[in-house]
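See below for the structure under consideration.
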Amino acid sequence: MEQAATFISTSKGSAKRKLYGNISVGVSGFAALVIVSIVVVIITTVIIGGYKNFTWEFLTQDPTEGMTAGGIFPAILGTVIMTMLMSVMAVPLGTVTAIYLSEYAKPDSKFARTIRFAVNTLASIPSIVFGLFGLGFFVQFVGKGMDDVFTPGTLVWGQPNILWASMTMGLLTLPVVIVSVEEAIRTVPREVRDASLALGATRLQTIRKIVIPGSLSGILTGMILAISRGAGEVAPILFTGAAFFLPQIPHALTSQFMHLGYHIYVLSTQSANVDKTIPLQYTTTMVLLLLTFTLNISAVILRSRLRNKLK
Amino acid sequence: MPQMPSERSPLTLGKKIRFFEWLIESGIRALSFFSFAAIILIFIFVFKEASPIFFGKSEAEKTAAKDSLASVINSQSKSVPDTSTVHEKIEKVIKGKGALKGTDVLVKVDEKGNRKKVTTNGGKVEQEEYDPFADDTKPSDTVKKAEKKPAAIKELPKKTPAVIGLSAKEKKDSIQKANARIAQAIKDSIERAQADALTSAKDKAEADSIAAKEKRDAQESKSGTNLGKMLIGNTWQPVSTVPKFGMLPLIIGTLKVTLISLLFGAPLAILAALFTSMFAPKWLREIVKPVIELLAGFPSVVIGFFALIVMASVFQDFFHYEFRLNSLVGGIAMSFAIIPIIYTISEDALTAVPQALKDASTALGASKWQTAFKVVLPAAIPGVFAAIILGFGRAFGETMIALMATGNAPLTSANILEPVRTFAATIGAEMAEVVFGDQHYNVLFLIGSMLFIFTFTLNSVVEFYVRKKLMRRIQGL
């Protein structure tokens, strides 16, 4: 064996081959290193710039002095409320779609293929188009329509608000939920399902008693990932409900809200005193990163636990 | 068990119709159709708002849109006929108020009622274009003022200068300036109109007919041939008294940013995918892979912030160029968003290459890098291609990074060190300030539907062509 190997390598010029091998490993390793260092650099700059202001007061106080001082509590609260409303819409709908795709539809049927294609497409549409859709459909069509029917002459629903923003965001995060719930449902072993059916349970009973409890962690993962996406996306809410500064926290579905990502965007590009608020921007970015990372990491842990269970 | 097995045959057990379950199952089926319906709804409603550009506004829509300028003009020209006296002036010269500094704008109205705007520089013709929208579209500010002072309205498009290409920050300033100028123009034209009305009563009827003709022509040309002219022009100037919606600068800007991000991001991501799938030891893979996937979890506003505050300054210090924010900074920031996409999909494709192929290659005496570059990568090429296409689609529609890091100036230039404005950023920056039902609003929705159609096409190509090819390569070969 060893002799044969040396024979082959010498016959082809071992030095050259080794050099090429080293170069290729070196170049591809360097590429990986560059990407990793991009991640590290972004995280460290944000933390270095932001940790000084990262205090309890910053998290729990309102912005003061024309947004140049104070905290970001309304933005955090607005983000939380928006993502909660969004999950109320996206998680059940995504779960139902995933159940249909994995339990009812034949994998190669036209209907199932259409839905799968639609889900993939939905995931690839630019987020700004969702924003336009939210404005054109929810605000202008549904909202204005509701106003015409219930309160003619006044503008209640026909303007950007937290409900329309959450629904737009729910649509955006729907594919995330569908994919992760479907993956979780597939981890429920075939045999358990067959056993349930063999005992006389109907398909629906099997789903309710076997499939859903077995994939609960997957549904939770989907929800967490959706929330993380919803907390970070800004483009869909630019004109469906986010506001720069509000004197009060959102108290009704028709009120606008502040959002962490939107806050960063506005502070860094639109405000009068960009330079003055740079420490605030760093800290807000740090809070947003912290939020999405916590969510993402907990989703990863949940998912790996799910995979271990499968083994 | 109280029942004997013989009493109920096992065959009927599953076939018993339970109304309630049937209802729920139909509900599940119907709800699962939602994502498909959502796609169609998105298309319909984004396109619906853009459609007035193509088909013109229906009468119902016109009356419904209170902000719509066209209706204001119509009603006022009927009730106050002497407003149109100003139109007997065939030619006007606006000195020093062209889009470029030091140029003059000549507004010519020929016999057919076509309005022509000529930008000159010391007698030399710089720019010549038709203004089909001179009558129909003006910013909302003009409308409000025009309602109070109807006498001035016909004069406005010719008198007031264009607002030069705006960046997001300058916008408010320039709008205010524009308002001031509009107000001045209104005052001037009122005085002139009054004087004119006194002197020439005879010409009134003639002028009326010219105005009517002009309006008709403008309305006709709006939906017809000038549509192409208006969208292909090389000036994007939506917030001015004579709005221009030439998309060339936006197309160039989008392509510049997207290509830079692909040229920077795709090789990095593909090489990194090769590294983790072929060369890296297991412990290193366990570190590198999650870190790169972590990048996918970065909100795009964070990447945009990083590019805007940190990267732009570092790049400027390093390369010493003029504009702090430009397509290079924007493109590289954009690549941070597409690297995880390209990496994940190509890594999947590379690891899906059957072990038998790798073993065969090694058995034939190929080294590890030869196997990687000459066997595994070619076998996975359709997957890598799919990754690049999807990354392209993402970069094409990415909003926040483009909005924050590219400078947002609609310039037509090939220089990558100049600020650019992409399609998505245009929507993001301008939609908030636009008047509902306005032409500008419709054009923004048109851009949105273009983005939709483009990404939809890319996704379909990947779905139906590339995936199939990949499967065939990997399975059959």
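In the structure tokens, the first chain shown is A, the next is B, and so on; residue numbers restart at 1 for each chain, and ligands run from 1 in the order shown.
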(request) Name the residues in contact with Gly49 (chain A) at a cut-off of 9 Å, using only C-alpha atoms, excluding same-chain residues fewer than 2 positions from it; report them as a ChimeraX atom specification. (result) /A:44-47,51-53,278-279,281-283,286
(message) Could you list, as a ChimeraX atom specification, every residue within 10 Å of Arg421 (chain B), counting only C-alpha atoms and ignoring same-chain residues fewer than 5 positions away?
(response) /B:167,236,249-254,256-257,326-327,330,402-403,405-412,426,429
Please produce a file of those selected residues containing N, CA, C and O atoms, as a compact mmCIF listing (two decimals), in the first residue's frame.
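Resulting contents of selection36.txt:
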```
# COMPACT_ATOMS: atom_id res chain seq x y z
N SER B 167 -29.97 63.45 -2.15
CA SER B 167 -29.62 62.33 -1.29
C SER B 167 -30.59 62.39 -0.12
O SER B 167 -31.28 63.39 0.07
N TRP B 236 -33.20 60.82 -12.66
CA TRP B 236 -34.19 60.42 -11.66
C TRP B 236 -34.38 61.61 -10.74
O TRP B 236 -33.53 61.91 -9.92
N PRO B 249 -30.25 55.61 -14.12
CA PRO B 249 -29.31 55.67 -12.99
C PRO B 249 -29.59 54.60 -11.94
O PRO B 249 -28.66 54.08 -11.33
N LEU B 250 -30.87 54.28 -11.76
CA LEU B 250 -31.20 53.27 -10.76
C LEU B 250 -30.74 51.89 -11.22
O LEU B 250 -30.22 51.09 -10.43
N ILE B 251 -30.94 51.61 -12.52
CA ILE B 251 -30.50 50.31 -13.04
C ILE B 251 -28.98 50.19 -12.89
O ILE B 251 -28.47 49.18 -12.39
N ILE B 252 -28.30 51.24 -13.29
CA ILE B 252 -26.83 51.20 -13.19
C ILE B 252 -26.40 51.04 -11.73
O ILE B 252 -25.54 50.23 -11.40
N GLY B 253 -27.05 51.82 -10.86
CA GLY B 253 -26.69 51.73 -9.44
C GLY B 253 -26.91 50.35 -8.88
O GLY B 253 -26.05 49.79 -8.19
N THR B 254 -28.08 49.77 -9.18
CA THR B 254 -28.38 48.44 -8.65
C THR B 254 -27.38 47.42 -9.17
O THR B 254 -26.87 46.59 -8.40
N LYS B 256 -24.35 47.92 -10.27
CA LYS B 256 -23.03 48.15 -9.71
C LYS B 256 -22.90 47.51 -8.33
O LYS B 256 -21.99 46.73 -8.07
N VAL B 257 -23.86 47.84 -7.47
CA VAL B 257 -23.80 47.30 -6.10
C VAL B 257 -23.90 45.78 -6.10
O VAL B 257 -23.12 45.09 -5.43
N ASN B 326 -20.16 55.07 -1.13
CA ASN B 326 -20.20 54.83 -2.57
C ASN B 326 -20.55 53.39 -2.84
O ASN B 326 -20.80 52.61 -1.92
N SER B 327 -20.56 53.04 -4.12
CA SER B 327 -21.03 51.69 -4.45
C SER B 327 -20.05 50.62 -3.99
O SER B 327 -20.44 49.48 -3.77
N GLY B 330 -20.99 50.08 -0.34
CA GLY B 330 -22.30 49.44 -0.33
C GLY B 330 -22.24 48.01 -0.82
O GLY B 330 -22.85 47.11 -0.24
N ALA B 402 -28.39 48.96 1.27
CA ALA B 402 -28.27 49.92 0.17
C ALA B 402 -28.66 51.31 0.62
O ALA B 402 -28.01 52.30 0.29
N LEU B 403 -29.70 51.36 1.43
CA LEU B 403 -30.20 52.66 1.89
C LEU B 403 -29.16 53.37 2.75
O LEU B 403 -29.01 54.59 2.69
N ALA B 405 -25.68 52.57 3.10
CA ALA B 405 -24.25 52.58 2.79
C ALA B 405 -23.87 52.96 1.37
O ALA B 405 -22.70 52.99 1.06
N THR B 406 -24.82 53.25 0.51
CA THR B 406 -24.41 53.52 -0.87
C THR B 406 -24.42 55.00 -1.22
O THR B 406 -24.04 55.36 -2.32
N GLY B 407 -24.88 55.86 -0.33
CA GLY B 407 -24.86 57.29 -0.63
C GLY B 407 -26.13 57.80 -1.26
O GLY B 407 -26.42 58.98 -1.19
N ASN B 408 -26.88 56.92 -1.94
CA ASN B 408 -28.21 57.27 -2.44
C ASN B 408 -28.28 58.45 -3.40
O ASN B 408 -29.20 59.25 -3.34
N ALA B 409 -27.31 58.59 -4.27
CA ALA B 409 -27.43 59.63 -5.28
C ALA B 409 -27.62 58.96 -6.64
O ALA B 409 -26.83 58.12 -7.02
N PRO B 410 -28.70 59.30 -7.34
CA PRO B 410 -28.97 58.64 -8.62
C PRO B 410 -28.05 59.17 -9.72
O PRO B 410 -28.45 60.01 -10.52
N LEU B 411 -26.84 58.69 -9.77
CA LEU B 411 -25.89 59.15 -10.78
C LEU B 411 -25.73 58.10 -11.87
O LEU B 411 -25.82 56.91 -11.61
N THR B 412 -25.48 58.58 -13.07
CA THR B 412 -25.21 57.66 -14.17
C THR B 412 -23.72 57.69 -14.43
O THR B 412 -23.22 58.54 -15.15
N THR B 426 -34.42 53.20 -3.39
CA THR B 426 -35.30 54.27 -3.86
C THR B 426 -36.68 54.14 -3.24
O THR B 426 -37.25 55.12 -2.75
N ALA B 429 -36.46 54.98 0.49
CA ALA B 429 -36.20 56.37 0.86
C ALA B 429 -37.36 57.28 0.50
O ALA B 429 -37.62 58.27 1.18
```
(message) Give me, as a PyMOL selection string, all polymer residues having an atom no more than 10 Å from Gln159 (chain A), counting only C-alpha atoms and skipping those fewer than 4 positions away in the same chain.
(response) chain A and resi 135+138-140+143-144+147+155+164+239-241+254-256
(request) Please return as a VMD selection string: the residues of region 204-412 of chain B that backbone DSSP assigns to alpha helix (DSSP H). (result) chain B and resid 204 to 223 226 to 232 248 to 274 282 to 296 300 to 306 312 to 319 327 to 352 355 to 363 368 to 371 377 to 379 381 to 397 400 to 405
(message) Given only C-alpha atoms as the basis, pick out the residue of B:Gly27, B:Pro238, B:Gly383, B:Gly233 nearest to chain A.
(response) B:Gly27
(request) Rank nothing, just name the residue among A:Arg203, A:Lys106, A:Lys276, A:Arg186 nearest to Gly218 (chain A), using only C-alpha atoms. (result)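 Among the listed residues, A:Arg186 lies closest to Gly218 (chain A).
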(request) Find the residue from B:Val291, B:Val384, B:Leu417, B:Ala266 that sits nearest to chain A; use only C-alpha atoms when measuring. (result)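 Looking at the shortest contact to chain A, the residue is B:Val291.
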What are the closest atom pairs, with distances in Å to one decimal, for all residues of region 132-222 of chain A lying within 8 Å of region 84-99 of chain A? Consider only C-alpha atoms, order rows by chain and residue number, and present the result as CSV.
```
residue,atom,partner,partner_atom,distance
A:Leu163,CA,A:Leu85,CA,7.4
A:Ser166,CA,A:Met86,CA,4.6
A:Met167,CA,A:Met86,CA,5.9
A:Met169,CA,A:Met86,CA,6.3
A:Gly170,CA,A:Met86,CA,4.7
A:Leu171,CA,A:Ala90,CA,6.7
A:Thr173,CA,A:Ala90,CA,6.7
A:Leu174,CA,A:Ala90,CA,5.3
A:Pro175,CA,A:Gly94,CA,7.2
A:Val177,CA,A:Gly94,CA,5.3
A:Ile178,CA,A:Gly94,CA,4.6
A:Val179,CA,A:Ala98,CA,7.3
A:Val181,CA,A:Ala98,CA,6.1
A:Glu182,CA,A:Ala98,CA,5.0
A:Ile185,CA,A:Ile99,CA,7.6
A:Ile219,CA,A:Thr95,CA,7.0
A:Gly222,CA,A:Val91,CA,7.6
```
(request) Find the distance between CA of Ser346 (chain B) and CA of Thr371 (chain B) and write it in Å to one decimal. (result)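 That distance, rounded to one decimal, is 16.5 Å.
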(request) Could you check how far CA of Thr285 (chain A) sits from CA of Ala69 (chain A), in Å to one decimal? (result)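 Going from CA of Thr285 (chain A) over to CA of Ala69 (chain A) covers 15.4 Å.
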(message) What's the separation between CA of Ala226 (chain A) and CA of Glu103 (chain A), in Å to one decimal place?
(response)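 It comes out at 22.6 Å.
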(request) Rank B:Leu328, B:Val420, B:Met400, B:Val375 by their smallest atom-to-atom distance to chain A, using only C-alpha atoms, and report the top residue only. (result)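 Ranked by minimum distance to chain A, first place goes to B:Met400.
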(request) Could you tell me which of A:Ala118, A:Leu19, A:Ala112, A:Val188 comes closest to chain B if we count only C-alpha atoms? (result) A:Ala118
(message) Using only C-alpha atoms, can you tell me which of B:Leu268, B:Val462, B:Val329, B:Leu23 comes closest to chain A?
(response)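 Among the listed residues, the smallest separation from chain A belongs to B:Leu268.
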(message) Set the distance at 10 Å and use only C-alpha atoms: which residues neighbour Gly78 (chain A) once local chain neighbours fewer than 2 positions away are removed? I'd like the list as a count of residues only.
(response) 20
(request) Can you pull out every residue within 12 Å of Thr294 (chain A), counting only C-alpha atoms, but drop anything in the same chain fewer than 3 positions away, and send it as a PyMOL selection string? (result) (chain A and resi 224-225+227-228+231+286-291+297-301) or (chain B and resi 294+297-298)
